[in-house]
Each structure stands twice: as C-alpha cells, then as structure tokens.
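Dumped structure_10.cif below, it's mmCIF, C-alpha atoms:
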data_work
#
loop_
_atom_site.label_atom_id
_atom_site.label_comp_id
_atom_site.auth_asym_id
_atom_site.auth_seq_id
_atom_site.Cartn_x
_atom_site.Cartn_y
_atom_site.Cartn_z
CA MET A 1018 0.00 0.00 0.00
CA THR A 1019 2.72 2.48 0.98
CA GLN A 1020 4.66 1.27 -2.04
CA SER A 1021 1.70 2.15 -4.25
CA ILE A 1022 1.18 5.60 -2.76
CA PHE A 1023 4.91 6.28 -3.14
CA LEU A 1024 4.88 5.16 -6.77
CA TYR A 1025 1.73 7.15 -7.66
CA SER A 1026 3.12 10.31 -6.01
CA ILE A 1027 6.45 10.09 -7.84
CA ILE A 1028 4.80 9.50 -11.20
CA MET A 1029 2.30 12.32 -10.65
CA LEU A 1030 5.18 14.64 -9.79
CA LEU A 1031 7.08 13.59 -12.92
CA THR A 1032 3.99 13.97 -15.09
CA ALA A 1033 3.36 17.45 -13.65
CA LEU A 1034 6.98 18.41 -14.38
CA SER A 1035 6.69 17.04 -17.88
CA TRP A 1036 3.36 18.88 -18.43
CA PHE A 1037 4.99 22.09 -17.27
CA LYS A 1038 7.88 21.67 -19.71
CA ASP A 1039 6.06 20.35 -22.77
CA ARG A 1040 2.32 19.71 -22.98
CA GLN A 1041 2.49 17.98 -26.35
CA LYS A 1042 5.06 15.43 -25.20
CA THR A 1043 3.15 14.77 -22.00
CA LYS A 1044 -0.08 14.16 -23.90
CA LYS A 1045 1.73 11.71 -26.16
CA ALA A 1046 3.26 9.92 -23.15
CA LEU A 1047 -0.13 9.55 -21.47
CA MET A 1048 -1.70 8.32 -24.72
CA LYS A 1049 1.00 5.67 -24.98
CA ALA A 1050 0.37 4.55 -21.40
CA LYS A 1051 -3.36 4.29 -22.11
CA ASN A 1052 -2.76 2.34 -25.33
CA MET A 1053 -0.54 -0.17 -23.53
CA LEU A 1054 -3.15 -0.72 -20.84
CA VAL A 1055 -5.92 -1.25 -23.42
CA LYS A 1056 -3.82 -3.56 -25.60
CA LEU A 1057 -2.62 -5.70 -22.72
CA ALA A 1058 -5.96 -5.78 -20.87
CA PRO A 1059 -7.11 -9.28 -21.99
CA GLU A 1060 -3.69 -10.80 -21.18
CA LEU A 1061 -3.57 -8.99 -17.84
CA LEU A 1062 -7.03 -10.19 -16.83
CA ALA A 1063 -6.03 -13.73 -17.82
CA ILE A 1064 -2.93 -13.47 -15.60
CA LEU A 1065 -5.01 -12.28 -12.63
CA LEU A 1066 -7.57 -15.05 -13.08
CA PHE A 1067 -4.68 -17.49 -13.25
CA VAL A 1068 -3.28 -16.17 -9.97
CA GLY A 1069 -6.68 -16.60 -8.31
CA LEU A 1070 -7.08 -20.14 -9.64
CA SER A 1071 -3.59 -21.26 -8.67
CA LEU A 1072 -3.87 -19.86 -5.14
CA SER A 1073 -7.14 -21.69 -4.55
CA ILE A 1074 -6.08 -24.99 -6.15
CA PHE A 1075 -2.52 -25.27 -4.82
CA THR A 1076 -2.94 -24.97 -1.07
CA PRO A 1077 0.26 -25.32 1.02
CA GLU A 1078 -0.87 -28.80 2.19
CA THR A 1079 -1.36 -30.01 -1.40
CA ILE A 1080 2.06 -28.81 -2.53
CA SER A 1081 3.94 -30.05 0.55
CA SER A 1082 2.52 -33.53 0.12
CA LEU A 1083 3.85 -33.60 -3.47
CA ILE A 1084 7.37 -32.34 -2.80
CA GLY A 1085 8.38 -33.80 0.58
CA ASP A 1086 12.08 -33.94 1.51
CA GLN A 1087 12.26 -37.59 0.44
CA SER A 1088 10.88 -36.86 -3.05
CA GLY A 1089 14.35 -36.42 -4.61
CA VAL A 1090 14.87 -35.45 -8.24
CA VAL A 1091 11.26 -36.33 -9.11
CA GLY A 1092 10.21 -33.85 -6.42
CA VAL A 1093 12.41 -31.18 -8.04
CA PHE A 1094 10.67 -31.80 -11.37
CA ILE A 1095 7.21 -31.67 -9.80
CA ALA A 1096 8.17 -28.51 -7.90
CA SER A 1097 9.43 -26.81 -11.09
CA PHE A 1098 6.30 -27.87 -12.92
CA ILE A 1099 3.94 -26.43 -10.30
CA GLY A 1100 6.13 -23.33 -9.99
CA SER A 1101 6.01 -22.71 -13.75
CA PHE A 1102 2.25 -23.02 -13.91
CA ALA A 1103 1.31 -21.18 -10.77
CA MET A 1104 1.74 -17.45 -10.57
CA LEU A 1105 1.76 -15.67 -7.26
CA PRO A 1106 2.37 -12.08 -6.19
CA SER A 1107 6.05 -11.94 -5.20
CA PHE A 1108 5.42 -10.90 -1.61
CA VAL A 1109 3.40 -14.11 -1.15
CA VAL A 1110 6.14 -16.37 -2.56
CA PHE A 1111 8.52 -16.50 0.40
CA PRO A 1112 5.98 -16.68 3.24
CA LEU A 1113 4.33 -19.50 1.25
CA ALA A 1114 7.68 -21.26 0.70
CA ASP A 1115 8.34 -21.03 4.42
CA THR A 1116 4.95 -22.62 5.15
CA LEU A 1117 5.76 -25.38 2.65
CA VAL A 1118 8.98 -26.26 4.46
CA ASP A 1119 7.10 -26.25 7.79
CA ASN A 1120 4.58 -28.65 6.26
CA GLY A 1121 7.30 -31.13 5.34
CA ALA A 1122 8.44 -30.06 1.87
CA GLY A 1123 12.18 -30.44 1.15
CA LEU A 1124 14.30 -27.27 0.90
CA VAL A 1125 15.90 -28.44 -2.37
CA GLN A 1126 12.47 -28.98 -3.94
CA VAL A 1127 11.11 -25.72 -2.50
CA SER A 1128 14.10 -23.91 -4.06
CA ALA A 1129 13.13 -25.18 -7.51
CA PHE A 1130 9.55 -24.14 -6.76
CA ILE A 1131 10.58 -20.59 -5.75
CA ALA A 1132 12.90 -20.09 -8.73
CA THR A 1133 10.33 -21.19 -11.32
CA LEU A 1134 7.51 -19.35 -9.55
CA VAL A 1135 9.23 -15.99 -9.83
CA SER A 1136 10.75 -16.25 -13.30
CA VAL A 1137 8.75 -18.73 -15.37
CA GLY A 1138 5.35 -17.39 -16.26
CA PHE A 1139 2.99 -19.81 -17.92
CA ALA A 1140 0.20 -17.32 -17.27
CA SER A 1141 2.13 -14.43 -18.76
CA LEU A 1142 3.26 -16.39 -21.85
CA PRO A 1143 0.56 -14.89 -24.11
CA MET A 1144 1.53 -11.39 -23.02
CA GLU A 1145 5.28 -12.00 -23.30
CA ARG A 1146 4.83 -13.59 -26.75
CA LYS A 1147 2.81 -10.61 -27.92
CA ILE A 1148 5.66 -8.29 -26.95
CA PHE A 1149 8.84 -10.27 -27.75
CA GLY A 1150 7.69 -12.99 -30.15
CA LYS A 1151 7.57 -16.76 -29.76
CA GLU A 1152 11.24 -17.73 -29.89
CA PHE A 1153 12.45 -15.16 -27.37
CA THR A 1154 9.60 -15.98 -24.98
CA TYR A 1155 10.05 -19.75 -25.01
CA MET A 1156 13.82 -19.52 -24.76
CA ARG A 1157 13.70 -17.05 -21.90
CA ASN A 1158 11.25 -19.21 -19.95
CA LEU A 1159 13.22 -22.39 -20.67
CA SER A 1160 16.42 -20.75 -19.49
CA ALA A 1161 14.61 -19.77 -16.29
CA VAL A 1162 13.61 -23.43 -15.77
CA LEU A 1163 17.26 -24.37 -16.26
CA MET A 1164 18.26 -21.76 -13.68
CA ALA A 1165 15.83 -23.36 -11.22
CA PHE A 1166 17.54 -26.75 -11.70
CA VAL A 1167 21.01 -25.23 -11.28
CA PHE A 1168 19.89 -23.37 -8.17
CA SER A 1169 18.27 -26.38 -6.50
CA PHE A 1170 21.39 -28.43 -7.32
CA VAL A 1171 23.56 -25.82 -5.58
CA ILE A 1172 21.21 -25.87 -2.56
CA TRP A 1173 21.40 -29.69 -2.53
CA VAL A 1174 25.21 -29.49 -2.45
CA VAL A 1175 25.41 -26.89 0.33
CA LEU A 1176 22.41 -28.22 2.31
CA PRO A 1177 24.53 -29.74 5.13
CA TRP A 1178 25.98 -26.29 5.87
CA LEU A 1179 22.75 -24.30 5.72
CA MET B 121 -11.22 -14.20 -35.62
CA ALA B 122 -8.83 -11.61 -34.18
CA ILE B 123 -11.27 -10.99 -31.34
CA ILE B 124 -11.48 -14.71 -30.53
CA LYS B 125 -7.70 -14.98 -30.50
CA ARG B 126 -7.39 -11.92 -28.30
CA PHE B 127 -9.64 -13.33 -25.62
CA ARG B 128 -8.63 -16.99 -25.96
CA ALA B 129 -6.64 -17.30 -22.72
CA LEU B 130 -9.26 -15.37 -20.78
CA THR B 131 -12.07 -17.58 -22.13
CA ILE B 132 -10.25 -20.84 -21.30
CA LEU B 133 -9.52 -19.64 -17.77
CA SER B 134 -13.13 -18.55 -17.24
CA ILE B 135 -14.30 -22.03 -18.28
CA ILE B 136 -11.83 -23.58 -15.81
CA LEU B 137 -13.16 -21.25 -13.11
CA LEU B 138 -16.73 -22.30 -13.90
CA GLY B 139 -15.70 -25.96 -13.79
CA LEU B 140 -13.95 -25.46 -10.45
CA THR B 141 -16.98 -23.67 -9.04
CA TRP B 142 -19.18 -26.55 -10.20
CA ILE B 143 -16.96 -29.18 -8.55
CA SER B 144 -16.25 -27.17 -5.44
CA PRO B 145 -18.24 -23.95 -4.93
CA ASP B 146 -15.98 -22.99 -2.01
CA ARG B 147 -12.80 -23.08 -4.05
CA GLY B 148 -14.51 -21.33 -6.98
CA THR B 149 -15.63 -18.34 -4.95
CA ASN B 150 -12.25 -18.35 -3.21
CA ALA B 151 -10.50 -18.18 -6.60
CA LEU B 152 -12.76 -15.31 -7.66
CA SER B 153 -12.11 -13.29 -4.52
CA LEU B 154 -8.35 -13.94 -4.85
CA THR B 155 -8.55 -12.69 -8.45
CA GLY B 156 -10.25 -9.56 -7.14
CA ASP B 157 -7.42 -9.06 -4.65
CA SER B 158 -4.76 -9.31 -7.32
CA LEU B 159 -6.76 -6.94 -9.56
CA ILE B 160 -6.41 -4.35 -6.78
CA ASP B 161 -2.68 -5.17 -6.51
CA MET B 162 -2.31 -4.69 -10.24
CA PHE B 163 -4.00 -1.29 -10.17
CA SER B 164 -1.74 -0.22 -7.33
CA LEU B 165 1.37 -0.66 -9.52
CA LEU B 166 0.74 -1.00 -13.24
CA PRO B 167 -0.84 2.36 -14.27
CA PRO B 168 1.97 4.53 -12.85
CA ILE B 169 4.59 2.19 -14.36
CA LEU B 170 2.94 2.53 -17.79
CA VAL B 171 2.89 6.33 -17.46
CA LEU B 172 6.58 6.13 -16.52
CA VAL B 173 7.23 4.06 -19.65
CA GLY B 174 5.37 6.68 -21.71
CA LEU B 175 7.41 9.49 -20.18
CA ILE B 176 10.70 7.63 -20.76
CA ASP B 177 9.62 7.10 -24.35
CA GLN B 178 9.05 10.83 -24.86
CA TRP B 179 11.84 12.36 -22.81
CA VAL B 180 14.81 10.01 -22.69
CA ASP B 181 17.03 10.61 -25.67
CA LYS B 182 18.12 7.55 -27.60
CA LYS B 183 21.75 8.64 -27.39
CA VAL B 184 21.60 8.80 -23.59
CA LEU B 185 20.11 5.33 -23.30
CA ILE B 186 22.63 3.91 -25.74
CA LYS B 187 25.36 5.37 -23.56
CA PHE B 188 23.90 3.71 -20.45
CA MET B 189 22.71 0.39 -21.85
CA GLY B 190 23.88 0.25 -25.45
CA ASP B 191 26.38 -2.03 -27.17
CA ASP B 192 29.42 -0.27 -25.72
CA SER B 193 28.09 0.46 -22.25
CA LYS B 194 29.95 -2.54 -20.77
CA PHE B 195 30.00 -2.42 -16.97
CA LEU B 196 27.70 0.59 -16.85
CA GLY B 197 24.99 -1.47 -18.59
CA VAL B 198 25.25 -4.13 -15.88
CA ILE B 199 24.98 -1.51 -13.13
CA VAL B 200 21.99 0.22 -14.75
CA ALA B 201 20.21 -3.14 -15.20
CA LEU B 202 20.94 -4.01 -11.56
CA LEU B 203 19.52 -0.71 -10.34
CA LEU B 204 16.44 -0.82 -12.59
CA GLY B 205 15.61 -4.42 -11.73
CA GLY B 206 16.70 -4.33 -8.09
CA LEU B 207 14.72 -1.27 -7.06
CA ALA B 208 11.66 -2.48 -8.91
CA ALA B 209 8.34 -3.52 -7.47
CA GLY B 210 5.76 -5.94 -8.67
CA PRO B 211 5.34 -9.07 -10.74
CA MET B 212 7.19 -9.86 -13.96
CA TYR B 213 4.46 -8.69 -16.32
CA ILE B 214 5.15 -5.13 -15.21
CA ALA B 215 8.77 -5.52 -16.37
CA PHE B 216 7.84 -6.35 -19.98
CA PRO B 217 6.64 -2.86 -21.02
CA ILE B 218 9.81 -1.40 -19.46
CA ALA B 219 12.03 -3.93 -21.25
CA ILE B 220 10.45 -3.18 -24.61
CA THR B 221 10.94 0.58 -24.18
CA LEU B 222 14.61 0.01 -23.32
CA LEU B 223 15.05 -2.14 -26.44
CA LYS B 224 13.33 0.44 -28.65
CA LYS B 225 15.63 3.12 -27.31
CA GLY B 226 18.71 1.16 -28.32
CA ALA B 227 19.57 -0.86 -25.22
CA ASN B 228 21.62 -3.98 -25.87
CA ILE B 229 19.64 -7.26 -25.62
CA ARG B 230 22.20 -8.61 -23.13
CA TYR B 231 21.41 -5.93 -20.55
CA VAL B 232 17.66 -6.10 -21.14
CA VAL B 233 17.62 -9.88 -20.55
CA PHE B 234 19.84 -9.38 -17.50
CA PHE B 235 17.41 -6.69 -16.29
CA LEU B 236 14.53 -9.20 -16.53
CA GLY B 237 16.63 -11.71 -14.58
CA VAL B 238 17.43 -9.18 -11.87
CA TRP B 239 13.74 -8.27 -11.71
CA THR B 240 12.81 -11.88 -11.00
CA THR B 241 15.56 -12.89 -8.56
CA ALA B 242 17.02 -9.82 -6.92
CA LYS B 243 14.27 -7.27 -6.32
CA LEU B 244 15.24 -5.56 -3.10
CA PRO B 245 11.80 -5.59 -1.38
CA ILE B 246 11.43 -9.31 -2.13
CA VAL B 247 15.00 -10.13 -1.10
CA LEU B 248 14.07 -8.84 2.37
CA PHE B 249 11.18 -11.32 2.51
CA GLU B 250 13.56 -14.06 1.44
CA VAL B 251 16.07 -13.21 4.18
CA ALA B 252 13.27 -13.23 6.75
CA ALA B 253 12.06 -16.65 5.59
CA PHE B 254 15.29 -18.52 4.78
CA GLY B 255 18.21 -16.51 6.16
CA TRP B 256 21.20 -14.69 4.67
CA GLN B 257 23.19 -17.62 3.30
CA TYR B 258 20.28 -19.04 1.35
CA THR B 259 19.34 -15.64 -0.07
CA PHE B 260 22.95 -14.93 -1.00
CA ILE B 261 23.20 -18.21 -2.93
CA HIS B 262 19.87 -17.61 -4.69
CA VAL B 263 20.73 -14.06 -5.73
CA SER B 264 24.28 -14.90 -6.89
CA VAL B 265 23.25 -17.99 -8.85
CA GLY B 266 20.42 -15.96 -10.43
CA LEU B 267 22.57 -12.97 -11.36
CA ILE B 268 25.45 -14.98 -12.82
CA PHE B 269 23.10 -17.31 -14.69
CA PHE B 270 20.92 -14.57 -16.20
CA TYR B 271 23.95 -12.51 -17.19
CA PHE B 272 25.15 -15.40 -19.34
CA VAL B 273 21.63 -15.97 -20.67
CA GLY B 274 21.83 -12.31 -21.72
CA VAL B 275 25.16 -12.87 -23.46
CA PHE B 276 23.68 -15.86 -25.29
CA PHE B 277 20.48 -13.98 -26.27
CA GLU B 278 22.57 -11.09 -27.61
CA LYS B 279 24.21 -13.50 -30.06
CA ARG B 280 20.96 -15.31 -30.85
CA PHE B 281 18.61 -12.42 -31.58
CA ASP B 282 18.69 -9.46 -33.92
CA PRO B 283 17.67 -6.33 -32.02
CA LYS B 284 16.02 -4.89 -35.13
CA THR B 285 13.55 -7.73 -35.56
CA LEU B 286 13.01 -8.64 -31.91
CA VAL B 287 10.27 -6.15 -31.13
CA LYS B 288 7.28 -7.76 -32.82
CA GLU B 289 4.47 -5.41 -32.06
CA ASP B 290 4.80 -1.92 -30.70
CA ILE B 291 2.20 -2.05 -27.95
CA THR B 292 2.52 1.68 -27.36
CA SER B 293 1.26 2.70 -30.78
CA ASN B 294 -2.26 3.83 -31.62
CA ASP B 295 -3.03 1.53 -34.53
CA LYS B 296 -4.72 -1.80 -34.08
#

As structure tokens, how would this structure be written, given the file I've shared?
Amino acid sequence: MTQSIFLYSIIMLLTALSWFKDRQKTKKALMKAKNMLVKLAPELLAILLFVGLSLSIFTPETISSLIGDQSGVVGVFIASFIGSFAMLPSFVVFPLADTLVDNGAGLVQVSAFIATLVSVGFASLPMERKIFGKEFTYMRNLSAVLMAFVFSFVIWVVLPWL
Amino acid sequence: MAIIKRFRALTILSIILLGLTWISPDRGTNALSLTGDSLIDMFSLLPPILVLVGLIDQWVDKKVLIKFMGDDSKFLGVIVALLLGGLAAGPMYIAFPIAITLLKKGANIRYVVFFLGVWTTAKLPIVLFEVAAFGWQYTFIHVSVGLIFFYFVGVFFEKRFDPKTLVKEDITSNDK
C-alpha cells in the first residue's frame, strides 16, 4: 500500500513536471500509457484469473505432500512444474515457501519451486509472446527453468551447511 | 477471428473457473475473490509504471540510453540493469513494457535480458522477505546464482537475436 502511494506520487510529480515543460510530449506519453493498458488488458485479466485459480487450487498442504524432503529429483521436477504453472504475487512467494517447508516439503524442492515461480510465467506467456515474439519468450522461460535446476542443485550441495 | 484470439486465454480460464466452481463452490468463490485481490494489486502498480514508460519514451534521448545500456556500455549497462531491476516492485508482467521501451531506445539485448533476470531474482523488497524466511546464506546463494546465470543468458540472447527484428508489435502505438 505504501509502495503504491509512493509510486503514484512520484509518477504524478514527474507527469506534472513534464506537463509544465512540454504539454504535447506529456499528452503523447499519457496516450501511450493508455494504449498499452488497453492492448494488454485481456492478457492482464487472464494473468489475474490465473493467480486466483492457482492460489485456490494449490494450497500449502497439497504442494507439501507432493514435494516432501524424500521426493528427490522427481520432487524437483514436480516442484518446477507447479512453480512454472502457478503465478503468485512476489510478496506471497517467500511466506508460502516457508509454510511449505514447515509442512514437510524439502528445501531443495522448495528452491526449484521458488525459482520457477518468480521467473517462469505460464500465465504471462501470451503477453510475453505478444511483446517479444515466440522464440524469445520460449527460450527465456526455458532458461529460467534451467536456472531453477542449477539453483536447487547448488542448494542440494550446500544443504549440510545451511 | 482476431477478437477470438485476443480473448482466448481469458475464455479458457473462465471455463476452468466455472468448472472449479461446479466441482467445489468454495474453491470457486475463493478463486474469484483472490482474483479480485490481485486486480487491486495490479492497479496499485501497473498504471503509474505505464505512465513512466510513456514518459521515458518521450523524454529520454536515444543517445543517452545507448550510452547507459547500449552495445558499448559494458560495466555501466550491468549496473543500470541491476539498479532498474533491483529497485523495482511488482510481478514480472510489469517488467515487460519497461524492457520493450529500453530495447526500442537502443539498449543492448544482453542488458535487457539481464534486467529481466534481476527483476525476478534480486528485487530488493522481495529479497528482504527471502532473508526473513530462509536466512542470509540461502538468499545470498539464490541471488548470486540468479545474477550470474541470467547474465550469461543475456550474453547468449545477444548472439541469438537481432535487435532490429526482436520487437514484434509496438504495444505503445495507436493503430490496431
């Protein structure tokens, strides 16, 4: 909330400054902002609906039972799969991950879950594809899945010291 | 046809929501209220970010951006990407309009991809949550693995993609 007020105030200040310096440019800038919002609206609504669905389907108990600390490499795959599909607001990710570990999920698996959750966006694929094209979008998301594997491997290696 | 394609994802998800509500009314209404919550979250961040993108588009000179994030910006490009991504707020879909503006203004693909990576793994407000949940060592490993990995993804993408053809559709323009 404070973040939002802060952001709105800064942007309003900048817009006012811009308006004061050059009305034409400011009008153009605002038009562009409006166009982006209108063009991305269907994709954005889809993302939000996806967030709602994933939060209500994947409860902490459900996920923990799938990726327990004995689930091994299979658990890492399941965790990355769920993480890629689900989409959660970032401030929910870590408290949720903490709850998962408390419920019996393994830290290595949870790490793969976190990494895919934040950087692989199945829900935002249509939007990303619209902006950057197919190849870029699929390759960026695949590389993020790869990063999740690398990261959970590192956590697996250092686990005894954590 | 274009209209159907435009609303395809939304339609499929609405059908899933209806199905879920039919199987379990509790979870269905829960999903709907959670969607409402994230709609509010979205409106608390996205509109000002889009206005910012519009202002950058109008005011920031291409030459300046090329100096900061262009082909020859070297270390400066890394620093600028770190600052932009690290001080950011909000989910990844907010980063896309920013990334596209940077590309249009002449930023090198390497730094733009790195910026997206920083946005996902090293946003300062989220890093604080991570430290609170899993401690310093864990967070340090996550952030370093993420930064190193996405920097090299950036290097690879720079070789793989042509900056001139990458931007498929200018979502800021007026035409349909």

Non-local contacts of region 243-251 of chain B (6 Å; only C-alpha atoms; under 4 positions in same chain excluded) as a PDB file with C-alpha atoms, keeping the file's coordinate frame:
ATOM      1  CA  PHE A1111       8.520 -16.500   0.400  1.00  0.00           C
TER       2      PHE A1111
ATOM      3  CA  GLY B 206      16.700  -4.330  -8.090  1.00  0.00           C
ATOM      4  CA  LEU B 207      14.720  -1.270  -7.060  1.00  0.00           C
ATOM      5  CA  TRP B 239      13.740  -8.270 -11.710  1.00  0.00           C
ATOM      6  CA  GLY B 255      18.210 -16.510   6.160  1.00  0.00           C
ATOM      7  CA  TRP B 256      21.200 -14.690   4.670  1.00  0.00           C
ATOM      8  CA  THR B 259      19.340 -15.640  -0.070  1.00  0.00           C
TER       9      THR B 259
END

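Every protein or nucleic acid residue with an atom no more than 12 Å from region 1025-1039 of chain A, counting all atoms listed in the file and leaving out same-chain residues fewer than 3 positions away, appears here: A:Met1018, A:Thr1019, A:Gln1020, A:Ser1021, A:Ile1022, A:Lys1042, A:Thr1043, A:Lys1044, A:Lys1045, A:Ala1046, A:Leu1047, A:Ala1050, B:Phe163, B:Ser164, B:Leu165, B:Leu166, B:Pro167, B:Pro168, B:Ile169, B:Leu170, B:Val171, B:Leu172, B:Val173, B:Gly174, B:Leu175, B:Ile176, B:Gln178, B:Trp179, B:Val180.
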
| Taking the file as shown, what set of residues would the PyMOL selection byres ((chain A and resi 1074) around 12) give back, as a PyMOL selection string? | (chain A and resi 1067-1073+1075-1080+1099+1102-1104) or (chain B and resi 136-137+140-141+143-144+146-152+154)

| Hey, which of B:Arg128, B:Lys182, B:Arg230, B:Lys187 ends up closest to chain A? Count all atoms listed in the file. |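 Closest to chain A, using all atoms listed in the file: B:Arg128.
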
| said: Starting from the PyMOL selection byres ((chain A and resi 1150) around 12), expand the selection into actual residues of this file and give them as a list in words. | reply: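 Taken on the displayed file, the PyMOL selection byres ((chain A and resi 1150) around 12) yields the residues Leu1142, Pro1143, Met1144, Glu1145, Arg1146, Lys1147, Ile1148, Phe1149, Lys1151, Glu1152, Phe1153, Thr1154, Tyr1155, Met1156 and Arg1157 of chain A; Ile220, Phe281, Thr285, Leu286, Val287, Lys288, Glu289 and Asp290 of chain B.
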
| query | If the PyMOL selection byres ((chain A and resi 1159) around 12) is run on the structure shown, which residues does it catch, given as a list of chain:residue names? | reply | A:Ser1097, A:Phe1098, A:Ser1101, A:Thr1133, A:Ser1136, A:Val1137, A:Gly1138, A:Phe1139, A:Leu1142, A:Glu1152, A:Phe1153, A:Thr1154, A:Tyr1155, A:Met1156, A:Arg1157, A:Asn1158, A:Ser1160, A:Ala1161, A:Val1162, A:Leu1163, A:Met1164, A:Ala1165, A:Phe1166, B:Phe270, B:Val273

| So, counting all atoms listed in the file, which residue among B:Ala129, B:Ile123, B:Ile186, B:Ala215 is closest to chain A? | B:Ala129

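The nearest approach to chain A among the residues B:Ser134, B:Thr155, B:Ser264, B:Thr221, with all atoms listed in the file taken into account, belongs to B:Thr155.
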
| message | So the first atom is CA of Ala1096 (chain A) and the second is CA of Phe127 (chain B); what is the distance between them in Å, to one decimal place? | response |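 Result for CA of Ala1096 (chain A) versus CA of Phe127 (chain B): 29.4 Å, one decimal.
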
| Given all atoms listed in the file as the counted atoms, nearest of B:Gly226, B:Gly190, B:Gly237, B:Gly197 to Met212 (chain B) | B:Gly237

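Here CA of Pro1059 (chain A) and CA of Pro1106 (chain A) stand 18.6 Å from one another.
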
| query | Mind pulling up the distance from CA of Lys183 (chain B) to CA of Phe235 (chain B)? | reply | 19.4 Å

| said: Here is a test: counting all atoms listed in the file, which residue of B:Val200, B:Met189, B:Val275, B:Ala209 is nearest to chain A? | reply: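 Ranked by minimum distance to chain A, first place goes to B:Ala209.
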
| field | Val1093 (chain A) surroundings by all atoms listed in the file, 9 Å radius, close-in-sequence under 5 positions cut, as JSON, numbers by chain | value | {"A": [1084, 1088, 1098, 1125, 1126, 1127, 1128, 1129, 1130, 1166, 1169]}

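Comparing B:Tyr258, B:Phe276, B:Trp142, B:Tyr271 by their smallest distance to chain A, the closest is B:Tyr258 (using all atoms listed in the file).
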
Could you pull region 164-171 of chain B out of the structure I just pasted and write it to a file containing all heavy atoms, as an mmCIF file, in the first residue's frame?
data_model
loop_
_atom_site.group_PDB
_atom_site.id
_atom_site.type_symbol
_atom_site.label_atom_id
_atom_site.label_comp_id
_atom_site.auth_asym_id
_atom_site.auth_seq_id
_atom_site.Cartn_x
_atom_site.Cartn_y
_atom_site.Cartn_z
ATOM 1 N N SER B 164 -2.576 -1.033 -8.219
ATOM 2 C CA SER B 164 -1.741 -0.222 -7.335
ATOM 3 C C SER B 164 -0.338 -0.017 -7.921
ATOM 4 O O SER B 164 0.408 0.813 -7.465
ATOM 5 C CB SER B 164 -1.667 -0.851 -5.942
ATOM 6 O OG SER B 164 -0.877 -2.005 -5.977
ATOM 7 N N LEU B 165 0.015 -0.795 -8.963
ATOM 8 C CA LEU B 165 1.369 -0.660 -9.520
ATOM 9 C C LEU B 165 1.422 -0.367 -11.019
ATOM 10 O O LEU B 165 2.204 0.459 -11.470
ATOM 11 C CB LEU B 165 2.172 -1.944 -9.265
ATOM 12 C CG LEU B 165 2.489 -2.317 -7.825
ATOM 13 C CD1 LEU B 165 3.142 -3.685 -7.772
ATOM 14 C CD2 LEU B 165 3.397 -1.282 -7.192
ATOM 15 N N LEU B 166 0.571 -1.061 -11.794
ATOM 16 C CA LEU B 166 0.739 -1.001 -13.238
ATOM 17 C C LEU B 166 0.507 0.372 -13.886
ATOM 18 O O LEU B 166 1.343 0.813 -14.673
ATOM 19 C CB LEU B 166 -0.117 -2.078 -13.923
ATOM 20 C CG LEU B 166 0.174 -2.264 -15.399
ATOM 21 C CD1 LEU B 166 1.582 -2.774 -15.635
ATOM 22 C CD2 LEU B 166 -0.833 -3.204 -16.048
ATOM 23 N N PRO B 167 -0.626 1.082 -13.576
ATOM 24 C CA PRO B 167 -0.843 2.362 -14.274
ATOM 25 C C PRO B 167 0.314 3.355 -14.144
ATOM 26 O O PRO B 167 0.774 3.881 -15.158
ATOM 27 C CB PRO B 167 -2.141 2.887 -13.653
ATOM 28 C CG PRO B 167 -2.835 1.675 -13.148
ATOM 29 C CD PRO B 167 -1.752 0.746 -12.689
ATOM 30 N N PRO B 168 0.838 3.598 -12.908
ATOM 31 C CA PRO B 168 1.971 4.535 -12.848
ATOM 32 C C PRO B 168 3.195 4.049 -13.626
ATOM 33 O O PRO B 168 3.894 4.864 -14.235
ATOM 34 C CB PRO B 168 2.284 4.639 -11.350
ATOM 35 C CG PRO B 168 1.531 3.571 -10.678
ATOM 36 C CD PRO B 168 0.406 3.180 -11.553
ATOM 37 N N ILE B 169 3.438 2.714 -13.621
ATOM 38 C CA ILE B 169 4.593 2.190 -14.360
ATOM 39 C C ILE B 169 4.415 2.461 -15.855
ATOM 40 O O ILE B 169 5.360 2.853 -16.543
ATOM 41 C CB ILE B 169 4.778 0.667 -14.106
ATOM 42 C CG1 ILE B 169 5.180 0.403 -12.663
ATOM 43 C CG2 ILE B 169 5.803 0.078 -15.071
ATOM 44 C CD1 ILE B 169 6.621 0.730 -12.323
ATOM 45 N N LEU B 170 3.185 2.283 -16.365
ATOM 46 C CA LEU B 170 2.942 2.530 -17.786
ATOM 47 C C LEU B 170 3.121 4.003 -18.127
ATOM 48 O O LEU B 170 3.664 4.345 -19.174
ATOM 49 C CB LEU B 170 1.539 2.048 -18.186
ATOM 50 C CG LEU B 170 1.348 0.530 -18.163
ATOM 51 C CD1 LEU B 170 -0.068 0.160 -18.580
ATOM 52 C CD2 LEU B 170 2.350 -0.175 -19.060
ATOM 53 N N VAL B 171 2.678 4.890 -17.225
ATOM 54 C CA VAL B 171 2.891 6.325 -17.457
ATOM 55 C C VAL B 171 4.391 6.617 -17.479
ATOM 56 O O VAL B 171 4.886 7.357 -18.335
ATOM 57 C CB VAL B 171 2.181 7.181 -16.375
ATOM 58 C CG1 VAL B 171 2.569 8.644 -16.503
ATOM 59 C CG2 VAL B 171 0.673 7.026 -16.490
#
